[in-house]
$ cat target_22.txt   # compact mmCIF, C-alpha atoms
# COMPACT_ATOMS: atom_id res chain seq x y z
CA MET A 507 -1.71 -10.53 -16.85
CA THR A 508 -4.71 -8.94 -18.50
CA SER A 509 -3.86 -6.69 -21.40
CA SER A 510 -5.63 -4.79 -24.16
CA SER A 511 -4.68 -4.17 -27.75
CA THR A 512 -5.75 -0.55 -27.66
CA PRO A 513 -6.25 2.01 -24.91
CA GLY A 514 -9.77 1.84 -23.61
CA GLY A 515 -10.36 -1.88 -24.14
CA PRO A 516 -12.83 -3.48 -26.57
CA ALA A 517 -14.31 -1.54 -29.42
CA SER A 518 -17.49 0.34 -28.60
CA PRO A 519 -20.20 1.74 -30.89
CA GLU A 520 -18.46 5.10 -30.65
CA GLN A 521 -15.27 3.53 -32.01
CA THR A 522 -17.11 2.07 -34.99
CA PRO A 523 -18.96 5.08 -36.41
CA LYS A 524 -20.81 3.12 -39.09
CA ALA A 525 -22.12 0.63 -36.55
CA ALA A 526 -25.82 -0.02 -36.30
CA GLU A 527 -27.64 -2.35 -33.96
CA ALA A 528 -27.33 -5.91 -35.26
CA PRO A 529 -29.50 -8.95 -34.59
CA LEU A 530 -29.41 -10.25 -31.02
CA GLY A 531 -28.09 -6.94 -29.79
CA LEU A 532 -24.68 -7.31 -31.43
CA VAL A 533 -22.80 -4.24 -32.61
CA PRO A 534 -21.31 -4.68 -36.10
CA LEU A 535 -17.56 -4.19 -36.20
CA LEU A 536 -17.24 -2.42 -39.54
CA GLU A 537 -14.07 -0.32 -39.48
CA PRO A 538 -10.62 -0.64 -37.86
CA ARG A 539 -10.31 1.85 -35.01
CA GLU A 540 -7.40 3.74 -36.57
CA GLY A 541 -8.83 3.39 -40.08
CA LEU A 542 -7.78 0.97 -42.79
CA PRO A 543 -3.97 0.80 -42.87
CA PRO A 544 -2.12 0.75 -46.20
CA VAL A 545 -0.59 -2.50 -47.36
CA THR A 546 3.05 -2.84 -46.33
CA ASP A 547 4.72 -3.92 -49.56
CA THR A 548 8.14 -2.22 -49.68
CA ALA A 549 11.33 -2.61 -47.68
CA PRO A 550 11.11 0.92 -46.16
CA ALA A 551 7.47 0.37 -45.19
CA LEU A 552 8.35 -2.97 -43.60
CA ALA A 553 11.21 -1.40 -41.65
CA ALA A 554 8.81 1.27 -40.35
CA ALA A 555 6.29 -1.43 -39.36
CA VAL A 556 8.96 -3.37 -37.46
CA GLU A 557 10.03 -0.22 -35.64
CA ALA A 558 6.45 0.66 -34.69
CA LEU A 559 5.66 -2.84 -33.48
CA ALA A 560 8.87 -2.93 -31.45
CA ALA A 561 7.76 0.25 -29.69
CA GLY A 562 4.35 -1.23 -28.89
CA THR A 563 3.43 -3.06 -25.71
CA GLY A 564 1.69 -6.27 -24.73
CA PRO A 565 0.77 -9.32 -26.79
CA VAL A 566 0.91 -9.37 -30.58
CA ALA A 567 -2.19 -10.42 -32.52
CA VAL A 568 -1.22 -12.33 -35.67
CA ASP A 569 -3.19 -13.76 -38.57
CA ALA A 570 -2.50 -14.87 -42.14
CA GLU A 571 -4.57 -15.30 -45.28
CA ARG A 572 -3.92 -18.08 -47.79
CA ALA A 573 -5.55 -19.08 -51.06
CA SER A 574 -6.27 -22.69 -50.18
CA GLY A 575 -9.13 -23.18 -52.59
CA TYR A 576 -7.15 -21.74 -55.49
CA LYS A 577 -3.47 -22.56 -55.03
CA TYR A 578 -1.51 -25.78 -54.56
CA SER A 579 0.82 -24.19 -52.04
CA GLN A 580 -0.27 -23.11 -48.57
CA ARG A 581 1.83 -19.95 -48.58
CA ALA A 582 0.63 -16.76 -46.92
CA TYR A 583 -0.57 -13.99 -49.22
CA LEU A 584 -1.26 -11.49 -46.44
CA VAL A 585 -0.02 -11.26 -42.86
CA GLN A 586 -1.93 -9.18 -40.34
CA ILE A 587 -0.28 -8.08 -37.11
CA ARG A 588 -1.50 -5.75 -34.38
CA ARG A 589 -0.08 -4.52 -31.10
CA GLN A 590 -1.11 -1.96 -28.53
CA GLY A 591 0.53 1.37 -29.21
CA ALA A 592 1.46 0.39 -32.76
CA GLY A 593 -1.86 -0.34 -34.44
CA THR A 594 -2.51 -2.81 -37.25
CA PHE A 595 -0.22 -3.64 -40.16
CA LEU A 596 -1.22 -5.53 -43.30
CA ILE A 597 1.96 -6.99 -44.78
CA ASP A 598 2.27 -8.42 -48.28
CA PRO A 599 4.62 -11.42 -47.91
CA ILE A 600 4.91 -11.75 -51.69
CA ALA A 601 6.43 -8.29 -51.98
CA CYS A 602 8.24 -8.68 -48.63
CA PRO A 603 9.12 -12.40 -48.46
CA ASP A 604 11.49 -12.15 -45.49
CA LEU A 605 9.59 -11.30 -42.31
CA SER A 606 12.17 -12.75 -39.93
CA ALA A 607 12.48 -9.32 -38.30
CA LEU A 608 9.06 -10.09 -36.81
CA ALA A 609 10.01 -13.50 -35.41
CA GLY A 610 8.65 -13.95 -31.92
CA ASP A 611 12.05 -14.40 -30.28
CA GLY A 612 13.68 -11.66 -32.34
CA PRO A 613 14.80 -8.28 -30.97
CA ALA A 614 11.84 -6.34 -32.39
CA LEU A 615 9.11 -8.20 -30.51
CA ALA A 616 11.39 -9.28 -27.65
CA GLY A 617 9.47 -12.43 -26.79
CA ALA A 618 6.03 -10.80 -26.68
CA GLU A 619 3.25 -13.37 -26.60
CA TRP A 620 1.65 -14.19 -29.95
CA VAL A 621 -2.13 -14.42 -30.11
CA LEU A 622 -3.64 -16.42 -32.97
CA HIS A 623 -7.01 -18.03 -33.59
CA ALA A 624 -6.70 -21.69 -34.67
CA ALA A 625 -2.94 -21.28 -34.74
CA SER A 626 -2.17 -24.66 -36.30
CA GLN A 627 -3.72 -23.42 -39.55
CA ASP A 628 -1.31 -20.49 -39.89
CA LEU A 629 1.97 -21.38 -38.21
CA ALA A 630 3.37 -23.29 -41.19
CA CYS A 631 2.81 -20.50 -43.70
CA LEU A 632 4.15 -17.94 -41.23
CA ALA A 633 7.26 -20.05 -40.74
CA GLU A 634 7.84 -19.98 -44.51
CA VAL A 635 8.36 -16.20 -44.30
CA GLY A 636 10.53 -16.39 -41.18
CA MET A 637 7.91 -15.78 -38.49
CA HIS A 638 7.86 -18.13 -35.49
CA PRO A 639 6.08 -17.66 -32.15
CA PRO A 640 8.28 -16.93 -29.16
CA THR A 641 9.33 -19.57 -26.67
CA ARG A 642 7.37 -19.53 -23.41
CA ARG A 643 9.63 -18.41 -20.58
CA GLU A 644 9.85 -20.06 -17.18
CA ASP A 645 7.80 -17.23 -15.68
CA GLY A 646 4.96 -18.01 -18.11
CA THR A 647 5.43 -14.98 -20.34
CA GLY A 648 5.91 -15.12 -24.07
CA GLY A 649 4.77 -18.18 -25.94
CA LEU A 650 1.61 -18.65 -27.95
CA PHE A 651 -2.02 -18.08 -27.00
CA ASP A 652 -4.54 -19.79 -29.28
CA THR A 653 -7.96 -18.25 -28.71
CA GLU A 654 -9.77 -21.04 -30.56
CA LEU A 655 -8.09 -23.82 -28.59
CA GLY A 656 -8.42 -21.85 -25.36
CA ALA A 657 -12.15 -21.44 -25.96
CA ARG A 658 -12.48 -25.21 -26.50
CA LEU A 659 -10.74 -25.92 -23.21
CA GLY A 660 -12.90 -23.28 -21.53
CA GLY A 661 -16.09 -25.05 -22.55
CA HIS A 662 -17.35 -22.72 -25.29
CA GLU A 663 -19.54 -24.53 -27.77
CA ARG A 664 -18.97 -22.23 -30.76
CA VAL A 665 -15.29 -21.47 -31.16
CA GLY A 666 -15.06 -19.90 -34.63
CA LEU A 667 -13.70 -16.37 -34.40
CA GLY A 668 -16.97 -14.72 -35.44
CA PRO A 669 -19.21 -16.58 -32.96
CA LEU A 670 -16.63 -16.23 -30.20
CA VAL A 671 -16.32 -12.46 -30.69
CA ALA A 672 -20.11 -12.25 -30.64
CA GLU A 673 -20.34 -14.23 -27.42
CA VAL A 674 -17.63 -12.60 -25.37
CA LEU A 675 -17.56 -9.04 -26.78
CA LYS A 676 -21.09 -8.68 -28.21
CA LEU A 677 -19.60 -7.58 -31.53
CA GLU A 678 -20.57 -8.83 -34.97
CA LEU A 679 -17.46 -9.65 -36.98
CA GLU A 680 -17.83 -9.98 -40.74
CA LYS A 681 -16.50 -13.29 -42.07
CA GLY A 682 -17.42 -12.93 -45.72
CA HIS A 683 -13.98 -13.20 -47.38
CA SER A 684 -12.33 -16.16 -45.66
CA ALA A 685 -12.54 -18.31 -48.81
CA SER A 686 -11.39 -15.59 -51.23
CA ASP A 687 -8.41 -15.89 -53.56
CA TRP A 688 -5.89 -13.93 -51.50
CA SER A 689 -3.29 -14.21 -54.25
CA THR A 690 -5.28 -11.50 -56.07
CA ARG A 691 -3.35 -8.27 -56.64
CA PRO A 692 -4.21 -5.61 -55.83
CA LEU A 693 -6.32 -6.84 -52.95
CA PRO A 694 -9.78 -5.22 -52.85
CA GLU A 695 -10.35 -2.71 -50.08
CA ALA A 696 -13.24 -4.75 -48.66
CA TRP A 697 -10.95 -7.76 -48.27
CA LEU A 698 -8.29 -5.67 -46.57
CA ARG A 699 -10.86 -4.28 -44.16
CA TYR A 700 -12.00 -7.80 -43.33
CA ALA A 701 -8.37 -8.87 -42.78
CA ALA A 702 -7.65 -5.92 -40.49
CA LEU A 703 -10.74 -6.62 -38.42
CA ASP A 704 -9.62 -10.23 -37.88
CA VAL A 705 -6.92 -8.97 -35.50
CA GLU A 706 -8.79 -5.89 -34.27
CA VAL A 707 -10.14 -7.43 -31.06
CA LEU A 708 -8.15 -10.66 -30.89
CA VAL A 709 -6.21 -9.64 -27.78
CA GLU A 710 -9.43 -8.61 -26.01
CA VAL A 711 -10.82 -12.08 -26.73
CA ARG A 712 -7.58 -13.58 -25.43
CA ASP A 713 -7.88 -11.66 -22.16
CA ILE A 714 -11.40 -12.92 -21.52
CA ILE A 715 -10.54 -16.52 -22.39
CA GLU A 716 -7.45 -16.38 -20.16
CA ASP A 717 -9.55 -15.13 -17.22
CA GLU A 718 -12.04 -17.97 -17.78
CA LEU A 719 -9.30 -20.58 -17.94
CA ARG A 720 -7.63 -19.25 -14.81
CA ALA A 721 -10.91 -19.27 -12.89
CA ALA A 722 -11.58 -22.87 -13.96
CA GLY A 723 -8.08 -24.03 -13.03
CA LYS A 724 -7.30 -24.81 -16.66
CA LEU A 725 -4.73 -22.16 -17.53
CA ASP A 726 -1.77 -24.49 -17.11
CA TRP A 727 -3.56 -27.07 -19.26
CA ALA A 728 -4.01 -24.43 -21.93
CA HIS A 729 -0.36 -23.39 -21.83
CA GLN A 730 0.68 -27.02 -22.32
CA GLU A 731 -1.67 -27.28 -25.32
CA PHE A 732 -0.48 -23.98 -26.81
CA ASP A 733 3.16 -25.03 -26.44
CA ALA A 734 2.41 -28.35 -28.13
CA VAL A 735 0.86 -26.53 -31.09
CA ALA A 736 3.79 -24.12 -31.33
CA SER A 737 6.40 -26.90 -31.29
CA ALA A 738 4.54 -29.48 -33.40
CA PRO A 739 6.61 -30.87 -36.28
CA PRO A 740 5.23 -30.81 -39.82
CA PRO A 741 2.71 -33.62 -40.37
CA LYS A 742 4.05 -36.78 -41.92
CA PRO A 743 3.18 -37.22 -45.60
CA ARG A 744 0.00 -39.22 -45.97
CA ALA A 745 0.47 -42.80 -47.18
CA GLU A 746 -1.06 -43.28 -50.62
CA PRO A 747 -2.80 -39.90 -50.75
CA TRP A 748 -4.47 -40.83 -54.04
CA ARG A 749 -6.83 -43.06 -52.05
CA ARG A 750 -8.59 -39.89 -50.85
CA THR A 751 -9.90 -39.24 -54.37
CA SER A 752 -13.60 -38.48 -54.05
CA GLY A 753 -15.70 -41.35 -55.40
CA LEU A 754 -12.97 -43.98 -55.03
CA HIS A 755 -15.47 -46.36 -53.42
CA LYS A 756 -16.92 -46.94 -56.91
CA VAL A 757 -13.60 -48.36 -58.13
CA ARG A 758 -13.07 -51.97 -57.06
CA ARG A 759 -10.72 -53.67 -59.53
CA PRO A 760 -6.97 -53.41 -58.89
CA ARG A 761 -6.26 -52.41 -62.51
CA GLN A 762 -8.74 -49.55 -62.28
CA LEU A 763 -7.27 -48.50 -58.94
CA ALA A 764 -3.88 -48.33 -60.66
CA VAL A 765 -5.41 -45.94 -63.20
CA VAL A 766 -6.75 -43.72 -60.40
CA ARG A 767 -3.31 -43.69 -58.82
CA ALA A 768 -1.57 -42.84 -62.12
CA LEU A 769 -4.00 -40.06 -63.04
CA TRP A 770 -3.92 -38.63 -59.50
CA GLU A 771 -0.11 -38.50 -59.49
CA SER A 772 -0.02 -36.94 -62.97
CA ARG A 773 -2.53 -34.31 -61.91
CA ASP A 774 -0.67 -33.61 -58.68
CA GLU A 775 2.55 -32.95 -60.59
CA LEU A 776 0.74 -30.51 -62.89
CA ALA A 777 -1.00 -28.79 -59.98
CA ARG A 778 2.28 -28.31 -58.13
CA ARG A 779 3.94 -26.92 -61.24
CA ARG A 780 1.08 -24.49 -61.92
CA ASP A 781 0.46 -23.74 -58.22
CA MET A 782 -3.22 -24.56 -58.59
CA THR A 783 -5.56 -26.54 -56.38
CA PRO A 784 -5.55 -30.06 -57.92
CA THR A 785 -9.30 -30.25 -58.39
CA ARG A 786 -9.14 -27.08 -60.47
CA VAL A 787 -6.61 -28.76 -62.73
CA LEU A 788 -8.80 -31.86 -63.10
CA PRO A 789 -11.90 -32.82 -61.07
CA ASP A 790 -11.84 -36.00 -59.02
CA GLN A 791 -14.91 -37.21 -60.88
CA ALA A 792 -13.02 -37.15 -64.18
CA ILE A 793 -10.35 -39.41 -62.70
CA ILE A 794 -12.96 -41.85 -61.43
CA ASP A 795 -14.85 -41.86 -64.75
CA ALA A 796 -11.65 -42.53 -66.69
CA ALA A 797 -10.72 -45.40 -64.38
CA LEU A 798 -14.15 -46.99 -64.76
CA SER A 799 -14.41 -46.57 -68.54
CA LEU A 800 -10.73 -47.12 -69.44
CA PRO A 801 -10.75 -45.14 -72.72
CA GLY A 802 -8.69 -46.74 -75.48
CA THR A 803 -7.52 -43.52 -77.12
CA ALA A 804 -6.81 -39.92 -76.17
CA ALA A 805 -9.77 -38.89 -78.31
CA GLN A 806 -12.05 -41.14 -76.27
CA MET A 807 -10.63 -39.66 -73.08
CA ARG A 808 -11.58 -36.16 -74.27
CA THR A 809 -15.24 -37.23 -74.40
CA ILE A 810 -15.23 -37.82 -70.63
CA PRO A 811 -16.61 -34.76 -68.79
CA GLY A 812 -13.75 -32.98 -67.06
CA PHE A 813 -11.16 -33.69 -69.75
CA SER A 814 -12.67 -31.22 -72.23
CA GLY A 815 -12.06 -27.46 -72.42
CA ARG A 816 -9.09 -25.61 -73.80
CA MET A 817 -6.66 -26.11 -70.92
CA ARG A 818 -7.72 -29.61 -69.87
CA SER A 819 -7.92 -30.88 -73.45
CA GLY A 820 -4.27 -29.92 -73.89
CA ASP A 821 -3.37 -32.03 -70.85
CA VAL A 822 -5.07 -35.15 -72.18
CA PRO A 823 -1.96 -36.63 -73.85
CA ARG A 824 -0.07 -36.75 -70.54
CA TYR A 825 -3.11 -38.20 -68.75
CA PHE A 826 -3.63 -40.83 -71.43
CA GLU A 827 0.03 -41.76 -71.22
CA ALA A 828 -0.35 -42.21 -67.45
CA LEU A 829 -3.46 -44.33 -67.97
CA THR A 830 -1.63 -46.47 -70.52
CA ARG A 831 1.27 -47.08 -68.13
CA ALA A 832 -1.19 -48.19 -65.46
CA ARG A 833 -2.86 -50.63 -67.86
CA GLN A 834 0.53 -52.18 -68.65
CA LEU A 835 1.55 -52.85 -65.04
CA LYS A 836 2.13 -56.43 -63.96
CA ASP A 837 -0.41 -57.89 -61.56
CA GLY A 838 2.06 -57.75 -58.69
CA GLU A 839 2.48 -53.99 -59.18
CA LEU A 840 -1.23 -53.20 -58.83
CA PRO A 841 -2.55 -51.53 -55.68
CA LYS A 842 -4.77 -53.61 -53.44
CA PRO A 843 -8.37 -52.64 -52.72
CA GLY A 844 -9.07 -51.19 -49.32
CA ALA A 845 -7.64 -48.42 -47.20
CA ALA A 846 -4.07 -47.16 -47.33
CA PRO A 847 -1.59 -49.13 -45.19
CA SER A 848 -1.38 -47.86 -41.65
CA ASP A 849 0.78 -48.51 -38.60
CA GLY A 850 -2.27 -48.07 -36.38
CA PRO A 851 -5.16 -50.34 -35.37
CA PRO A 852 -7.72 -51.50 -37.94
CA PRO A 853 -10.98 -49.56 -38.37
CA VAL A 854 -13.04 -49.72 -35.18
CA ARG A 855 -15.97 -51.33 -37.01
CA ALA A 856 -13.80 -54.41 -37.54
CA TRP A 857 -12.70 -54.80 -33.92
CA ALA A 858 -15.61 -56.96 -32.78
CA ASP A 859 -14.65 -59.60 -35.35
CA LYS A 860 -10.88 -59.28 -35.18
CA ASP A 861 -10.43 -58.90 -31.41
CA PRO A 862 -13.61 -58.86 -29.25
CA ALA A 863 -11.58 -58.20 -26.09
CA ALA A 864 -10.07 -55.06 -27.63
CA ALA A 865 -13.53 -53.93 -28.74
CA GLU A 866 -14.79 -54.33 -25.17
CA ARG A 867 -11.81 -52.38 -23.82
CA LEU A 868 -12.41 -49.53 -26.26
CA THR A 869 -16.15 -49.33 -25.55
CA ALA A 870 -15.60 -49.12 -21.82
CA ALA A 871 -12.65 -46.71 -22.08
CA ARG A 872 -14.51 -44.39 -24.44
CA GLU A 873 -17.44 -44.22 -22.06
CA ALA A 874 -15.17 -43.44 -19.11
CA VAL A 875 -13.16 -40.78 -20.96
CA GLY A 876 -16.39 -39.21 -22.24
CA ALA A 877 -17.72 -38.95 -18.70
CA LEU A 878 -14.45 -37.43 -17.53
CA ALA A 879 -14.55 -34.87 -20.34
CA ALA A 880 -18.12 -33.89 -19.43
CA GLN A 881 -17.11 -33.55 -15.78
CA HIS A 882 -14.43 -31.02 -16.73
CA THR A 883 -16.49 -29.33 -19.48
CA LEU A 884 -14.07 -30.35 -22.22
CA PRO A 885 -14.52 -31.73 -25.72
CA VAL A 886 -13.53 -35.36 -25.42
CA GLU A 887 -11.02 -35.07 -28.28
CA ASN A 888 -9.22 -32.29 -26.38
CA LEU A 889 -9.04 -34.36 -23.23
CA LEU A 890 -7.31 -37.20 -25.07
CA ALA A 891 -6.59 -37.81 -28.74
CA PRO A 892 -8.95 -40.57 -29.96
CA ASP A 893 -6.10 -42.25 -31.82
CA SER A 894 -4.09 -42.60 -28.60
CA LEU A 895 -7.01 -44.28 -26.87
CA ARG A 896 -7.58 -46.64 -29.79
CA ARG A 897 -3.92 -47.67 -29.87
CA LEU A 898 -3.90 -48.26 -26.11
CA CYS A 899 -7.02 -50.43 -26.22
CA TRP A 900 -5.85 -52.40 -29.25
CA THR A 901 -2.38 -53.17 -27.89
CA PRO A 902 -2.17 -52.35 -24.16
CA PRO A 903 1.26 -52.83 -22.55
CA VAL A 904 -0.22 -55.79 -20.61
CA VAL A 905 -3.74 -57.21 -20.32
CA ASP A 906 -4.39 -55.46 -16.98
CA PRO A 907 -2.00 -52.47 -16.99
CA SER A 908 -1.19 -50.39 -13.95
CA ASN A 909 -1.93 -46.69 -13.92
CA GLU A 910 1.78 -46.06 -14.34
CA GLN A 911 1.92 -48.26 -17.43
CA VAL A 912 -1.09 -46.50 -18.93
CA ALA A 913 0.49 -43.13 -18.16
CA ALA A 914 3.75 -44.13 -19.83
CA PHE A 915 1.89 -45.39 -22.92
CA LEU A 916 -0.13 -42.16 -23.27
CA ALA A 917 2.92 -39.95 -22.74
CA ALA A 918 4.82 -41.85 -25.42
CA ALA A 919 1.84 -41.35 -27.75
CA GLY A 920 2.12 -37.57 -27.30
CA ALA A 921 -0.40 -36.84 -24.56
CA ARG A 922 0.47 -33.77 -22.52
CA PRO A 923 1.15 -34.11 -18.76
CA TRP A 924 -2.23 -32.67 -17.77
CA GLN A 925 -4.01 -35.16 -20.04
CA VAL A 926 -2.02 -38.07 -18.66
CA GLN A 927 -2.67 -36.99 -15.07
CA LEU A 928 -6.42 -36.76 -15.64
CA THR A 929 -7.03 -39.82 -17.78
CA ALA A 930 -4.48 -42.49 -16.85
CA PRO A 931 -6.05 -43.50 -13.51
CA THR A 932 -9.54 -43.71 -15.01
CA ILE A 933 -8.46 -45.65 -18.10
CA GLY A 934 -6.25 -47.95 -16.04
CA GLU A 935 -9.16 -48.81 -13.73
CA VAL A 936 -11.42 -49.52 -16.71
CA LEU A 937 -8.88 -51.77 -18.44
CA ARG A 938 -8.33 -53.75 -15.28
CA GLU A 939 -12.09 -54.18 -14.77
CA VAL A 940 -12.49 -55.47 -18.32
CA ALA A 941 -9.55 -57.84 -17.85
CA GLY A 942 -11.06 -59.07 -14.56
CA ARG A 943 -14.40 -59.84 -16.19
CA ALA A 944 -12.68 -61.73 -18.96
CA ALA A 945 -10.65 -63.78 -16.48
CA ALA A 946 -13.73 -64.59 -14.41
CA GLY A 947 -15.50 -66.01 -17.44
CA PRO A 948 -19.20 -66.02 -18.38
CA GLY A 949 -21.75 -65.63 -15.65
CA GLU A 950 -19.30 -64.33 -13.06

$ encode --input "target_22.txt" --output "C-alpha cells"
Amino acid sequence: MTSSSTPGGPASPEQTPKAAEAPLGLVPLLEPREGLPPVTDTAPALAAAVEALAAGTGPVAVDAERASGYKYSQRAYLVQIRRQGAGTFLIDPIACPDLSALAGDGPALAGAEWVLHAASQDLACLAEVGMHPPTRREDGTGGLFDTELGARLGGHERVGLGPLVAEVLKLELEKGHSASDWSTRPLPEAWLRYAALDVEVLVEVRDIIEDELRAAGKLDWAHQEFDAVASAPPPKPRAEPWRRTSGLHKVRRPRQLAVVRALWESRDELARRRDMTPTRVLPDQAIIDAALSLPGTAAQMRTIPGFSGRMRSGDVPRYFEALTRARQLKDGELPKPGAAPSDGPPPVRAWADKDPAAAERLTAAREAVGALAAQHTLPVENLLAPDSLRRLCWTPPVVDPSNEQVAAFLAAAGARPWQVQLTAPTIGEVLREVAGRAAAGPGE
C-alpha cells in the first residue's frame, strides 16, 4: 500500500522556503517541514515522543548516527525517527539509553513497517538501545523496508540516499555531516538539521521504490531480502584480524609478523578501553615500521614516527613490552606468512594451478550468473552471493550435480528462495556442461 510520511506527499519548493533552484533542476531540501525539532534527551520528552509516534500512521522512517571514524564502539549517538501525523524526533540515546518502547513489535508502533536506508549499517546499534524492526506478518504488513537494497534490486545505478532522492524526488539532500563525530555534545544545529532531513522524505522514496519493484515482479524478492537483513545474526569475529593492518604486505618474516600481531593486539586493547578508533590510538604505519626495524629499546621505539607525541609516547612502554614478548616467542609460536586461515576455497587466482577443473567451473558459472543478472536488471552480487558460487564450484556435491542438488547447496549456503529458483537451473546446466566436456576429453 502506498503511503506518505506527511500529508500532501513529497516536499515541494513551497515546503522548503529557503530552497533555490539547484544544478540539474534539483530543489535543495534545506529545512524540515515542521521546523527543526528539539533533541529528545529526558525521560518526559521520550515518553511524549513515544505517545506521538504511537498516534501516527503508516510506516516509520528510522536512521541512526554513529561516530565510526572516532570511536571504537559502533553505538548510536543519535536516533532519528519520523512518522506521518507525528513528525520527526531526534533522540539522544546517550541520555535516553533504553528505547525499547520504540521496538517495532512493541505496543507503541504496533508492528508498523520500518523504513531504513542501508539497514544493515544501523540495525546493530539500534538493537543495543532496544530497537528492533517488526516481524513481517503473513499478510505482508510490518517488517523492514530497506530503500538502498530495494533500489539495487530495482535496477538503480546510484543507490546512496542523496543520489536516490535526487533521482526519484528531484530534491537535493545535503550529505555533508555523515562522517562527523556524533559523540559531540551539544550537537551543532547544522548537524541536527542534516540528521532530521535524512528521514524527511525516506517514506516517499520507499513508496516509489515499492511501486517499481511491484511493477517489475520483484517485490516478493525484495521482501525476502529485507527479512534476511532484519534477521541476520551478528557477523562472526574475523580470524586473525591483525592481518588487515595496512602495509602488512611489506612484512615477510614470521618473527616480524609476530611483532605486528602483538602491537595490533596491544593497540586494540587500548582503543577499546578508551573507546577510540584504533588508528587514532596508533597508526598502522607505526606498527609496520616497528616490526620492520625491531627497536631494541623503548627510547628507540619513540624515534619511530607515530610513537611520539604526549599521549602516544606514554603508551610506548606497553608497546615495547608487547614487542619484546613477540621477539621471545618460540619458532613454533610464530604466525605463518600469508592470509588468515579460512574454511572457504583458496583465492581464485590460485585455482588454475590447484584445481583447473574448478577454475573452469567458476569461469563458466560466473559468466552464466552475470548474464542472468543482466537479464533481470540486478547487480550480480544481489542475485547470488559470490562466496556461495565460489564454494559450489570448488566443492560441488557431485561432479555433474542435478538442479535439485545445486538448489540444496545454495539454500544451505544462505541463498534466499527467489535466488535459488532463478539461479539453480542455470548453474546446474553449466556445471553439467563443464563436466561433460571434461569426460569427453580433448578435441571432443

$ axis_aligned_box --input "target_22.txt" --around "region 763-776 of chain A" --padding-each-side "3 Å" --output "AutoDock Vina command-line options"
--center_x -2.4 --center_y -39.5 --center_z -60.9 --size_x 15.8 --size_y 24.0 --size_z 10.5

$ residues_around --input "target_22.txt" --residues "region 645-648 of chain A" --least-positions-apart "6" --cutoff "9 Å" --atoms "all atoms listed in the file" --output "PyMOL selection string"
chain A and resi 565+610-611+616-620+639+729

$ atom_distance --input "target_22.txt" --atom1 "CA of Ala728 (chain A)" --atom2 "CA of Glu634 (chain A)"
25.9 Å

$ closest_residue --input "target_22.txt" --among "A:Leu878, A:Leu677, A:Ala573, A:Val905" --to "Thr929 (chain A)" --atoms "only C-alpha atoms"
A:Leu878

$ atom_distance --input "target_22.txt" --atom1 "CA of Thr641 (chain A)" --atom2 "CA of Ala560 (chain A)"
17.3 Å

$ decode --input "target_22.txt" --residues "region 883-897 of chain A" --atoms "N, CA and C atoms" --output "short mmCIF file (atom, residue, chain, number, x, y, z; two decimals), in the first residue's frame"
data_model
loop_
_atom_site.label_atom_id
_atom_site.label_comp_id
_atom_site.auth_asym_id
_atom_site.auth_seq_id
_atom_site.Cartn_x
_atom_site.Cartn_y
_atom_site.Cartn_z
N THR A 883 18.07 -7.16 -14.68
CA THR A 883 18.49 -5.82 -14.24
C THR A 883 18.81 -5.83 -12.75
N LEU A 884 19.75 -6.69 -12.38
CA LEU A 884 20.16 -6.85 -10.99
C LEU A 884 21.68 -6.78 -10.90
N PRO A 885 22.22 -6.21 -9.84
CA PRO A 885 23.65 -6.39 -9.59
C PRO A 885 23.91 -7.87 -9.36
N VAL A 886 24.99 -8.38 -9.94
CA VAL A 886 25.22 -9.81 -9.86
C VAL A 886 25.38 -10.28 -8.43
N GLU A 887 25.97 -9.42 -7.56
CA GLU A 887 26.16 -9.83 -6.16
C GLU A 887 24.85 -9.89 -5.40
N ASN A 888 23.80 -9.23 -5.90
CA ASN A 888 22.49 -9.33 -5.26
C ASN A 888 21.69 -10.51 -5.78
N LEU A 889 22.05 -10.98 -6.96
CA LEU A 889 21.40 -12.19 -7.47
C LEU A 889 21.89 -13.42 -6.72
N LEU A 890 23.21 -13.46 -6.46
CA LEU A 890 23.76 -14.59 -5.71
C LEU A 890 25.07 -14.16 -5.08
N ALA A 891 25.25 -14.46 -3.82
CA ALA A 891 26.48 -14.08 -3.13
C ALA A 891 27.68 -14.72 -3.81
N PRO A 892 28.69 -13.95 -4.19
CA PRO A 892 29.86 -14.52 -4.87
C PRO A 892 30.51 -15.66 -4.09
N ASP A 893 30.51 -15.56 -2.76
CA ASP A 893 31.14 -16.61 -1.96
C ASP A 893 30.39 -17.93 -2.12
N SER A 894 29.07 -17.88 -2.22
CA SER A 894 28.30 -19.12 -2.41
C SER A 894 28.64 -19.78 -3.73
N LEU A 895 28.79 -18.97 -4.77
CA LEU A 895 29.13 -19.53 -6.08
C LEU A 895 30.54 -20.13 -6.08
N ARG A 896 31.47 -19.43 -5.43
CA ARG A 896 32.84 -19.97 -5.35
C ARG A 896 32.86 -21.32 -4.62
N ARG A 897 32.16 -21.39 -3.49
CA ARG A 897 32.14 -22.64 -2.72
C ARG A 897 31.52 -23.78 -3.53
#
